[in-house]
>>> print(open('final.pdb').read())   # PDB, C-alpha atoms
ATOM      1  CA  GLY A   1      29.646 -13.229  27.464  1.00  0.00           C
ATOM      2  CA  ASN A   2      30.821 -10.771  24.840  1.00  0.00           C
ATOM      3  CA  SER A   3      31.141  -7.081  25.595  1.00  0.00           C
ATOM      4  CA  VAL A   4      32.454  -3.914  23.968  1.00  0.00           C
ATOM      5  CA  THR A   5      33.624  -0.824  25.826  1.00  0.00           C
ATOM      6  CA  GLN A   6      34.261   2.471  24.114  1.00  0.00           C
ATOM      7  CA  MET A   7      35.115   5.877  25.414  1.00  0.00           C
ATOM      8  CA  GLU A   8      32.233   8.051  26.433  1.00  0.00           C
ATOM      9  CA  GLY A   9      31.662  11.250  24.570  1.00  0.00           C
ATOM     10  CA  PRO A  10      31.047  13.689  23.404  1.00  0.00           C
ATOM     11  CA  VAL A  11      34.403  14.190  21.767  1.00  0.00           C
ATOM     12  CA  THR A  12      34.744  17.750  20.503  1.00  0.00           C
ATOM     13  CA  LEU A  13      37.497  18.598  18.037  1.00  0.00           C
ATOM     14  CA  SER A  14      38.414  21.402  15.711  1.00  0.00           C
ATOM     15  CA  GLU A  15      38.520  20.743  11.992  1.00  0.00           C
ATOM     16  CA  GLU A  16      41.770  19.042  10.847  1.00  0.00           C
ATOM     17  CA  ALA A  17      42.515  17.713  14.328  1.00  0.00           C
ATOM     18  CA  PHE A  18      43.602  14.112  14.921  1.00  0.00           C
ATOM     19  CA  LEU A  19      40.929  11.722  16.125  1.00  0.00           C
ATOM     20  CA  THR A  20      41.203   8.662  18.321  1.00  0.00           C
ATOM     21  CA  ILE A  21      38.199   6.823  19.718  1.00  0.00           C
ATOM     22  CA  ASN A  22      39.174   3.953  21.983  1.00  0.00           C
ATOM     23  CA  CYS A  23      37.453   0.588  21.850  1.00  0.00           C
ATOM     24  CA  THR A  24      38.240  -2.565  23.812  1.00  0.00           C
ATOM     25  CA  TYR A  25      36.403  -5.847  23.799  1.00  0.00           C
ATOM     26  CA  THR A  26      35.892  -9.072  25.681  1.00  0.00           C
ATOM     27  CA  ALA A  27      35.010 -12.166  23.701  1.00  0.00           C
ATOM     28  CA  THR A  28      35.474 -15.898  23.543  1.00  0.00           C
ATOM     29  CA  GLY A  29      37.041 -17.191  20.368  1.00  0.00           C
ATOM     30  CA  TYR A  30      38.064 -14.916  17.526  1.00  0.00           C
ATOM     31  CA  PRO A  31      35.452 -12.303  16.756  1.00  0.00           C
ATOM     32  CA  SER A  32      35.275  -9.944  13.818  1.00  0.00           C
ATOM     33  CA  LEU A  33      35.410  -6.264  14.735  1.00  0.00           C
ATOM     34  CA  PHE A  34      33.499  -3.368  13.230  1.00  0.00           C
ATOM     35  CA  TRP A  35      33.090   0.370  13.388  1.00  0.00           C
ATOM     36  CA  TYR A  36      29.683   1.715  12.425  1.00  0.00           C
ATOM     37  CA  VAL A  37      28.759   5.392  12.069  1.00  0.00           C
ATOM     38  CA  GLN A  38      25.353   6.973  12.608  1.00  0.00           C
ATOM     39  CA  TYR A  39      24.707  10.407  11.173  1.00  0.00           C
ATOM     40  CA  PRO A  40      21.864  12.489  12.644  1.00  0.00           C
ATOM     41  CA  GLY A  41      18.450  11.087  11.787  1.00  0.00           C
ATOM     42  CA  GLU A  42      19.849   8.038  10.014  1.00  0.00           C
ATOM     43  CA  GLY A  43      20.526   4.365  10.646  1.00  0.00           C
ATOM     44  CA  LEU A  44      23.921   2.763  11.097  1.00  0.00           C
ATOM     45  CA  GLN A  45      26.411   2.596   8.249  1.00  0.00           C
ATOM     46  CA  LEU A  46      29.378   0.255   8.193  1.00  0.00           C
ATOM     47  CA  LEU A  47      32.560   2.322   8.331  1.00  0.00           C
ATOM     48  CA  LEU A  48      35.208  -0.397   8.416  1.00  0.00           C
ATOM     49  CA  LYS A  49      35.879  -3.900   9.664  1.00  0.00           C
ATOM     50  CA  ALA A  50      38.644  -6.385  10.452  1.00  0.00           C
ATOM     51  CA  THR A  51      38.192 -10.117  10.654  1.00  0.00           C
ATOM     52  CA  LYS A  52      41.431 -11.353  12.210  1.00  0.00           C
ATOM     53  CA  ALA A  53      44.317 -10.248  14.393  1.00  0.00           C
ATOM     54  CA  ASP A  54      46.617  -7.547  12.948  1.00  0.00           C
ATOM     55  CA  ASP A  55      44.162  -6.759  10.152  1.00  0.00           C
ATOM     56  CA  LYS A  56      43.715  -3.063   9.479  1.00  0.00           C
ATOM     57  CA  GLY A  57      40.350  -1.806   8.326  1.00  0.00           C
ATOM     58  CA  SER A  58      40.218   1.529   6.525  1.00  0.00           C
ATOM     59  CA  ASN A  59      37.659   3.719   4.808  1.00  0.00           C
ATOM     60  CA  LYS A  60      37.199   7.460   4.137  1.00  0.00           C
ATOM     61  CA  GLY A  61      40.439   8.271   5.946  1.00  0.00           C
ATOM     62  CA  PHE A  62      39.478   6.304   9.060  1.00  0.00           C
ATOM     63  CA  GLU A  63      41.600   3.369  10.228  1.00  0.00           C
ATOM     64  CA  ALA A  64      41.468   0.746  12.960  1.00  0.00           C
ATOM     65  CA  THR A  65      43.798  -2.179  13.660  1.00  0.00           C
ATOM     66  CA  TYR A  66      42.651  -5.440  15.271  1.00  0.00           C
ATOM     67  CA  ARG A  67      44.975  -5.867  18.272  1.00  0.00           C
ATOM     68  CA  LYS A  68      44.452  -9.266  19.842  1.00  0.00           C
ATOM     69  CA  GLU A  69      47.143  -8.796  22.501  1.00  0.00           C
ATOM     70  CA  THR A  70      45.414  -5.713  23.896  1.00  0.00           C
ATOM     71  CA  THR A  71      41.877  -6.718  22.795  1.00  0.00           C
ATOM     72  CA  SER A  72      41.481  -3.324  21.174  1.00  0.00           C
ATOM     73  CA  PHE A  73      40.198  -1.808  17.935  1.00  0.00           C
ATOM     74  CA  HIS A  74      40.792   1.924  18.262  1.00  0.00           C
ATOM     75  CA  LEU A  75      39.437   4.220  15.541  1.00  0.00           C
ATOM     76  CA  GLU A  76      41.736   6.917  14.151  1.00  0.00           C
ATOM     77  CA  LYS A  77      41.642   9.641  11.558  1.00  0.00           C
ATOM     78  CA  GLY A  78      44.443  12.039  10.828  1.00  0.00           C
ATOM     79  CA  SER A  79      42.385  15.109   9.946  1.00  0.00           C
ATOM     80  CA  VAL A  80      38.694  15.313  10.806  1.00  0.00           C
ATOM     81  CA  GLN A  81      36.117  17.374   8.961  1.00  0.00           C
ATOM     82  CA  VAL A  82      32.859  18.940  10.082  1.00  0.00           C
ATOM     83  CA  SER A  83      31.052  16.309   8.030  1.00  0.00           C
ATOM     84  CA  ASP A  84      32.525  13.587  10.278  1.00  0.00           C
ATOM     85  CA  SER A  85      30.286  14.743  13.125  1.00  0.00           C
ATOM     86  CA  ALA A  86      28.249  11.685  14.048  1.00  0.00           C
ATOM     87  CA  VAL A  87      27.969   8.877  16.594  1.00  0.00           C
ATOM     88  CA  TYR A  88      30.506   6.071  16.194  1.00  0.00           C
ATOM     89  CA  PHE A  89      29.827   2.532  17.391  1.00  0.00           C
ATOM     90  CA  CYS A  90      32.384  -0.192  17.918  1.00  0.00           C
ATOM     91  CA  ALA A  91      31.008  -3.725  17.623  1.00  0.00           C
ATOM     92  CA  LEU A  92      32.069  -7.335  17.534  1.00  0.00           C
ATOM     93  CA  SER A  93      30.511 -10.319  15.844  1.00  0.00           C
ATOM     94  CA  ASP A  94      30.954 -13.890  16.933  1.00  0.00           C
ATOM     95  CA  ALA A  95      30.742 -17.046  14.833  1.00  0.00           C
ATOM     96  CA  GLY A  96      26.968 -16.954  15.111  1.00  0.00           C
ATOM     97  CA  ASN A  97      26.930 -13.491  13.506  1.00  0.00           C
ATOM     98  CA  MET A  98      25.430 -11.880  16.601  1.00  0.00           C
ATOM     99  CA  LEU A  99      26.581  -8.285  16.916  1.00  0.00           C
ATOM    100  CA  THR A 100      27.482  -6.823  20.305  1.00  0.00           C
ATOM    101  CA  PHE A 101      27.758  -3.033  20.327  1.00  0.00           C
ATOM    102  CA  GLY A 102      29.525  -0.531  22.514  1.00  0.00           C
ATOM    103  CA  GLY A 103      27.606   2.407  23.892  1.00  0.00           C
ATOM    104  CA  GLY A 104      28.570   4.776  21.079  1.00  0.00           C
ATOM    105  CA  THR A 105      30.759   7.892  21.056  1.00  0.00           C
ATOM    106  CA  ARG A 106      29.434  11.185  19.792  1.00  0.00           C
ATOM    107  CA  LEU A 107      31.954  13.198  17.776  1.00  0.00           C
ATOM    108  CA  MET A 108      31.437  16.908  17.221  1.00  0.00           C
ATOM    109  CA  VAL A 109      33.798  18.701  14.840  1.00  0.00           C
ATOM    110  CA  LYS A 110      33.808  22.483  14.887  1.00  0.00           C
ATOM    111  CA  PRO A 111      34.921  24.644  11.948  1.00  0.00           C
TER     112      PRO A 111
ATOM    113  CA  GLU B   1      22.103   4.509  -0.811  1.00  0.00           C
ATOM    114  CA  THR B   2      20.797   1.717   1.345  1.00  0.00           C
ATOM    115  CA  GLY B   3      19.590  -1.704   0.327  1.00  0.00           C
ATOM    116  CA  VAL B   4      17.482  -1.929   3.481  1.00  0.00           C
ATOM    117  CA  THR B   5      14.336   0.177   3.762  1.00  0.00           C
ATOM    118  CA  GLN B   6      12.054   0.671   6.739  1.00  0.00           C
ATOM    119  CA  THR B   7       8.551   2.085   7.033  1.00  0.00           C
ATOM    120  CA  PRO B   8       7.244   4.149   8.608  1.00  0.00           C
ATOM    121  CA  ARG B   9      10.167   6.393   9.527  1.00  0.00           C
ATOM    122  CA  HIS B  10       8.237   7.881  12.433  1.00  0.00           C
ATOM    123  CA  LEU B  11       5.351   6.456  14.459  1.00  0.00           C
ATOM    124  CA  VAL B  12       3.425   7.791  17.416  1.00  0.00           C
ATOM    125  CA  MET B  13       1.048   5.399  19.141  1.00  0.00           C
ATOM    126  CA  GLY B  14      -0.985   5.070  22.296  1.00  0.00           C
ATOM    127  CA  MET B  15      -0.525   2.219  24.713  1.00  0.00           C
ATOM    128  CA  THR B  16      -3.679   0.459  23.531  1.00  0.00           C
ATOM    129  CA  ASN B  17      -2.894   0.633  19.799  1.00  0.00           C
ATOM    130  CA  LYS B  18      -1.682  -2.135  17.532  1.00  0.00           C
ATOM    131  CA  LYS B  19       0.797  -1.225  14.846  1.00  0.00           C
ATOM    132  CA  SER B  20       3.429  -2.885  12.694  1.00  0.00           C
ATOM    133  CA  LEU B  21       6.885  -1.884  11.528  1.00  0.00           C
ATOM    134  CA  LYS B  22       8.057  -3.067   8.127  1.00  0.00           C
ATOM    135  CA  CYS B  23      11.521  -3.784   6.818  1.00  0.00           C
ATOM    136  CA  GLU B  24      12.495  -4.789   3.296  1.00  0.00           C
ATOM    137  CA  GLN B  25      15.943  -5.708   2.003  1.00  0.00           C
ATOM    138  CA  HIS B  26      16.942  -5.654  -1.653  1.00  0.00           C
ATOM    139  CA  LEU B  27      20.350  -7.269  -1.214  1.00  0.00           C
ATOM    140  CA  GLY B  28      19.490 -10.925  -1.685  1.00  0.00           C
ATOM    141  CA  HIS B  29      20.463 -11.677   1.909  1.00  0.00           C
ATOM    142  CA  ASN B  30      19.353 -14.677   3.927  1.00  0.00           C
ATOM    143  CA  ALA B  31      19.290 -13.269   7.451  1.00  0.00           C
ATOM    144  CA  MET B  32      17.417 -10.310   8.938  1.00  0.00           C
ATOM    145  CA  TYR B  33      17.538  -8.672  12.369  1.00  0.00           C
ATOM    146  CA  TRP B  34      15.598  -6.298  14.608  1.00  0.00           C
ATOM    147  CA  TYR B  35      17.522  -4.007  16.981  1.00  0.00           C
ATOM    148  CA  LYS B  36      16.326  -1.510  19.553  1.00  0.00           C
ATOM    149  CA  GLN B  37      18.256   1.707  20.135  1.00  0.00           C
ATOM    150  CA  SER B  38      17.254   3.544  23.292  1.00  0.00           C
ATOM    151  CA  ALA B  39      18.597   6.884  24.376  1.00  0.00           C
ATOM    152  CA  LYS B  40      20.717   5.633  27.235  1.00  0.00           C
ATOM    153  CA  LYS B  41      21.403   1.979  26.459  1.00  0.00           C
ATOM    154  CA  PRO B  42      23.593   0.190  23.928  1.00  0.00           C
ATOM    155  CA  LEU B  43      22.029  -1.186  20.790  1.00  0.00           C
ATOM    156  CA  GLU B  44      20.113  -4.301  21.722  1.00  0.00           C
ATOM    157  CA  LEU B  45      19.471  -7.253  19.420  1.00  0.00           C
ATOM    158  CA  MET B  46      15.817  -8.281  19.631  1.00  0.00           C
ATOM    159  CA  PHE B  47      15.313 -10.956  16.979  1.00  0.00           C
ATOM    160  CA  VAL B  48      17.205 -12.771  14.246  1.00  0.00           C
ATOM    161  CA  TYR B  49      15.630 -14.589  11.314  1.00  0.00           C
ATOM    162  CA  SER B  50      17.667 -16.833   9.087  1.00  0.00           C
ATOM    163  CA  LEU B  51      15.563 -18.409   6.373  1.00  0.00           C
ATOM    164  CA  GLU B  52      12.912 -20.117   8.497  1.00  0.00           C
ATOM    165  CA  GLU B  53      14.779 -20.178  11.811  1.00  0.00           C
ATOM    166  CA  ARG B  54      14.164 -17.536  14.454  1.00  0.00           C
ATOM    167  CA  VAL B  55      16.382 -16.628  17.390  1.00  0.00           C
ATOM    168  CA  GLU B  56      15.255 -14.133  19.973  1.00  0.00           C
ATOM    169  CA  ASN B  57      16.664 -12.286  22.909  1.00  0.00           C
ATOM    170  CA  ASN B  58      14.882 -13.773  25.894  1.00  0.00           C
ATOM    171  CA  SER B  59      14.571 -10.391  27.542  1.00  0.00           C
ATOM    172  CA  VAL B  60      12.272  -9.039  24.799  1.00  0.00           C
ATOM    173  CA  PRO B  61       8.683  -8.679  26.082  1.00  0.00           C
ATOM    174  CA  SER B  62       5.898 -10.577  24.365  1.00  0.00           C
ATOM    175  CA  ARG B  63       4.246  -7.314  23.302  1.00  0.00           C
ATOM    176  CA  PHE B  64       6.799  -7.374  20.463  1.00  0.00           C
ATOM    177  CA  SER B  65       6.040 -10.034  17.868  1.00  0.00           C
ATOM    178  CA  PRO B  66       8.195 -10.521  14.763  1.00  0.00           C
ATOM    179  CA  GLU B  67       7.136 -12.004  11.461  1.00  0.00           C
ATOM    180  CA  CYS B  68       9.302 -12.964   8.502  1.00  0.00           C
ATOM    181  CA  PRO B  69       7.127 -14.139   5.592  1.00  0.00           C
ATOM    182  CA  ASN B  70      10.098 -14.458   3.225  1.00  0.00           C
ATOM    183  CA  SER B  71      13.793 -13.651   3.120  1.00  0.00           C
ATOM    184  CA  SER B  72      13.202 -10.098   1.862  1.00  0.00           C
ATOM    185  CA  HIS B  73      10.591  -8.888   4.341  1.00  0.00           C
ATOM    186  CA  LEU B  74      10.534  -8.554   8.093  1.00  0.00           C
ATOM    187  CA  PHE B  75       7.806  -7.155  10.320  1.00  0.00           C
ATOM    188  CA  LEU B  76       7.635  -6.198  13.963  1.00  0.00           C
ATOM    189  CA  HIS B  77       4.092  -6.262  15.332  1.00  0.00           C
ATOM    190  CA  LEU B  78       3.478  -4.030  18.323  1.00  0.00           C
ATOM    191  CA  HIS B  79       0.616  -4.185  20.826  1.00  0.00           C
ATOM    192  CA  THR B  80      -0.073  -2.697  24.251  1.00  0.00           C
ATOM    193  CA  LEU B  81       3.300  -1.012  24.368  1.00  0.00           C
ATOM    194  CA  GLN B  82       4.650   1.021  27.273  1.00  0.00           C
ATOM    195  CA  PRO B  83       6.228   4.493  27.201  1.00  0.00           C
ATOM    196  CA  GLU B  84       9.636   2.932  27.904  1.00  0.00           C
ATOM    197  CA  ASP B  85       9.355   1.155  24.539  1.00  0.00           C
ATOM    198  CA  SER B  86       9.874   4.485  22.821  1.00  0.00           C
ATOM    199  CA  ALA B  87      13.087   4.115  20.841  1.00  0.00           C
ATOM    200  CA  LEU B  88      14.616   3.849  17.390  1.00  0.00           C
ATOM    201  CA  TYR B  89      13.973   0.412  15.923  1.00  0.00           C
ATOM    202  CA  LEU B  90      16.562  -0.677  13.409  1.00  0.00           C
ATOM    203  CA  CYS B  91      16.381  -3.478  10.894  1.00  0.00           C
ATOM    204  CA  ALA B  92      19.471  -5.121   9.405  1.00  0.00           C
ATOM    205  CA  SER B  93      20.299  -7.914   7.000  1.00  0.00           C
ATOM    206  CA  SER B  94      23.315 -10.074   6.194  1.00  0.00           C
ATOM    207  CA  GLN B  95      24.245 -12.652   3.616  1.00  0.00           C
ATOM    208  CA  ASP B  96      25.085 -15.531   5.911  1.00  0.00           C
ATOM    209  CA  ARG B  97      22.618 -17.892   7.484  1.00  0.00           C
ATOM    210  CA  PHE B  98      22.738 -17.643  11.239  1.00  0.00           C
ATOM    211  CA  GLY B  99      24.640 -20.396  12.977  1.00  0.00           C
ATOM    212  CA  THR B 100      25.700 -22.289   9.898  1.00  0.00           C
ATOM    213  CA  SER B 101      29.010 -20.639   9.106  1.00  0.00           C
ATOM    214  CA  THR B 102      32.198 -20.200  11.057  1.00  0.00           C
ATOM    215  CA  ARG B 103      32.770 -16.815   9.504  1.00  0.00           C
ATOM    216  CA  THR B 104      30.884 -13.702  10.290  1.00  0.00           C
ATOM    217  CA  ASP B 105      29.232 -11.519   7.731  1.00  0.00           C
ATOM    218  CA  THR B 106      28.573  -7.804   7.629  1.00  0.00           C
ATOM    219  CA  GLN B 107      25.167  -6.551   8.675  1.00  0.00           C
ATOM    220  CA  TYR B 108      23.633  -3.703   6.682  1.00  0.00           C
ATOM    221  CA  PHE B 109      21.207  -1.441   8.477  1.00  0.00           C
ATOM    222  CA  GLY B 110      18.088   0.422   7.466  1.00  0.00           C
ATOM    223  CA  PRO B 111      17.386   4.026   8.532  1.00  0.00           C
ATOM    224  CA  GLY B 112      15.194   2.985  11.428  1.00  0.00           C
ATOM    225  CA  THR B 113      11.693   3.766  12.677  1.00  0.00           C
ATOM    226  CA  ARG B 114      11.455   6.345  15.451  1.00  0.00           C
ATOM    227  CA  LEU B 115       8.697   5.079  17.745  1.00  0.00           C
ATOM    228  CA  THR B 116       7.050   7.203  20.411  1.00  0.00           C
ATOM    229  CA  VAL B 117       4.576   5.585  22.808  1.00  0.00           C
ATOM    230  CA  LEU B 118       2.295   7.997  24.616  1.00  0.00           C
TER     231      LEU B 118
END
>>> encode(input="final.pdb", output="structure tokens")
Amino acid sequence: GNSVTQMEGPVTLSEEAFLTINCTYTATGYPSLFWYVQYPGEGLQLLLKATKADDKGSNKGFEATYRKETTSFHLEKGSVQVSDSAVYFCALSDAGNMLTFGGGTRLMVKP
Amino acid sequence: ETGVTQTPRHLVMGMTNKKSLKCEQHLGHNAMYWYKQSAKKPLELMFVYSLEERVENNSVPSRFSPECPNSSHLFLHLHTLQPEDSALYLCASSQDRFGTSTRTDTQYFGPGTRLTVL
């Protein structure tokens, strides 16, 4: 079956630090890959996505590249802000549009 | 701004109560989903509705009963719940019909209902 593994948090960074949150997946076929973000007290918001190998998704300074050879979709941001503090979820979607999520990684950014 | 709304945002109920969660999407989508988010488990898909077809996760207990009267509204009826059912229940919608396209489509989530079962 499909599965998504992401690094456990919390990840604590100072403002303007570089962020990497690792995500690897196991899937049959060619899934689409997503990063969702959940701010405190809210639902999930789509952050970025990539639908095929070597695609790069980007949004709000965040980037992730679909790496088929390493089955990875790591999230990066060059300079984090306090407002980026949230829980980040990596997910994949198969041809049936069923989402499989990772466990989530809490990011805390300190001023 | 979200095109998916959920009510109520918070709900406290006893184990003998019957309640319903409501989800409404204003995006013109054809598929809707219920997810459960527990404190120490990954997000779990409970049900999918695509037009008139329903797909469910076989591990979901029968005390959860979904209803989708039309493509814009989705309900989750709750009865005789257990304390371990306390969680955040998230609704989502997507454009594509489930199982009829080889491409995936983005799911858009509502803010969730925080359910506490006493």
>>> atom_distance(input="final.pdb", atom1="atom CA of B:Asp105", atom2="atom CA of B:Ser50")
12.8 Å
>>> closest_residue(input="final.pdb", among="B:Asn30, B:Ser38, B:Asn17, B:Asn57", to="B:Ser71", atoms="only C-alpha atoms")
B:Asn30
>>> closest_residue(input="final.pdb", among="A:Tyr25, A:Phe101, A:Phe62, A:Tyr36", to="A:Lys77", atoms="only C-alpha atoms")
A:Phe62
>>> resolve_selection(input="final.pdb", expression="the PyMOL selection byres ((chain B) within 12 of (chain A))", output="NGL selection string")
:B and (1-6 or 9-10 or 31-50 or 55-57 or 88-114)
>>> closest_residue(input="final.pdb", among="B:Pro8, B:Pro66, B:Gly28, B:Pro61", to="B:Glu84", atoms="all atoms listed in the file")
B:Pro61
>>> resolve_selection(input="final.pdb", expression="the PyMOL selection byres ((chain B and resi 62) around 10)", output="list of chain:residue names")
B:Asn58, B:Ser59, B:Val60, B:Pro61, B:Arg63, B:Phe64, B:Ser65, B:Pro66, B:Leu78, B:His79, B:Thr80, B:Leu81
>>> atom_distance(input="final.pdb", atom1="atom CA of A:Asp54", atom2="atom CA of A:Thr5")
19.5 Å
>>> atom_distance(input="final.pdb", atom1="atom CA of B:His77", atom2="atom CA of B:His26")
21.3 Å
>>> resolve_selection(input="final.pdb", expression="the PyMOL selection byres ((chain B and resi 86) around 7)", output="VMD selection string")
chain B and resid 83 to 85 87 115 to 117
>>> residues_around(input="final.pdb", residues="stretch 17-23 of chain A", least_positions_apart="2", cutoff="6 Å", atoms="all atoms listed in the file", output="list in words")
Thr5, Gln6, Met7, Ser14, Glu15, Ser72, Phe73, His74, Leu75, Glu76, Lys77, Gly78, Ser79 and Val80 of chain A
>>> closest_residue(input="final.pdb", among="B:Leu76, B:Cys68, B:Val12, B:Cys23", to="B:Leu118", atoms="only C-alpha atoms")
B:Val12
>>> build_atoms(input="final.pdb", residues="stretch 38-49 of chain A", atoms="N, CA, C and O atoms", output="CSV table (one decimal), keeping the file's coordinate frame")
chain,number,residue,atom,x,y,z
A,38,GLN,N,26.8,6.6,12.7
A,38,GLN,CA,25.4,7.0,12.6
A,38,GLN,C,25.3,8.5,12.5
A,38,GLN,O,25.6,9.2,13.5
A,39,TYR,N,24.9,9.0,11.4
A,39,TYR,CA,24.7,10.4,11.2
A,39,TYR,C,23.3,10.8,11.7
A,39,TYR,O,22.4,10.0,11.8
A,40,PRO,N,23.1,12.0,12.0
A,40,PRO,CA,21.9,12.5,12.6
A,40,PRO,C,20.7,12.1,11.8
A,40,PRO,O,20.6,12.3,10.6
A,41,GLY,N,19.7,11.5,12.5
A,41,GLY,CA,18.4,11.1,11.8
A,41,GLY,C,18.6,9.9,10.9
A,41,GLY,O,17.6,9.6,10.2
A,42,GLU,N,19.7,9.2,10.9
A,42,GLU,CA,19.8,8.0,10.0
A,42,GLU,C,20.1,6.7,10.8
A,42,GLU,O,20.4,6.8,12.0
A,43,GLY,N,20.2,5.6,10.0
A,43,GLY,CA,20.5,4.4,10.6
A,43,GLY,C,22.0,4.2,10.7
A,43,GLY,O,22.8,5.2,10.4
A,44,LEU,N,22.5,3.0,11.0
A,44,LEU,CA,23.9,2.8,11.1
A,44,LEU,C,24.5,2.4,9.7
A,44,LEU,O,23.9,1.7,9.0
A,45,GLN,N,25.7,2.9,9.5
A,45,GLN,CA,26.4,2.6,8.2
A,45,GLN,C,27.7,1.9,8.6
A,45,GLN,O,28.4,2.4,9.5
A,46,LEU,N,28.1,0.9,7.9
A,46,LEU,CA,29.4,0.3,8.2
A,46,LEU,C,30.5,1.2,7.8
A,46,LEU,O,30.5,1.7,6.6
A,47,LEU,N,31.4,1.5,8.7
A,47,LEU,CA,32.6,2.3,8.3
A,47,LEU,C,33.8,1.5,7.9
A,47,LEU,O,34.4,1.7,6.9
A,48,LEU,N,34.1,0.5,8.7
A,48,LEU,CA,35.2,-0.4,8.4
A,48,LEU,C,35.1,-1.6,9.3
A,48,LEU,O,34.4,-1.7,10.3
A,49,LYS,N,35.9,-2.7,8.9
A,49,LYS,CA,35.9,-3.9,9.7
A,49,LYS,C,37.2,-4.6,9.6
A,49,LYS,O,38.0,-4.3,8.7
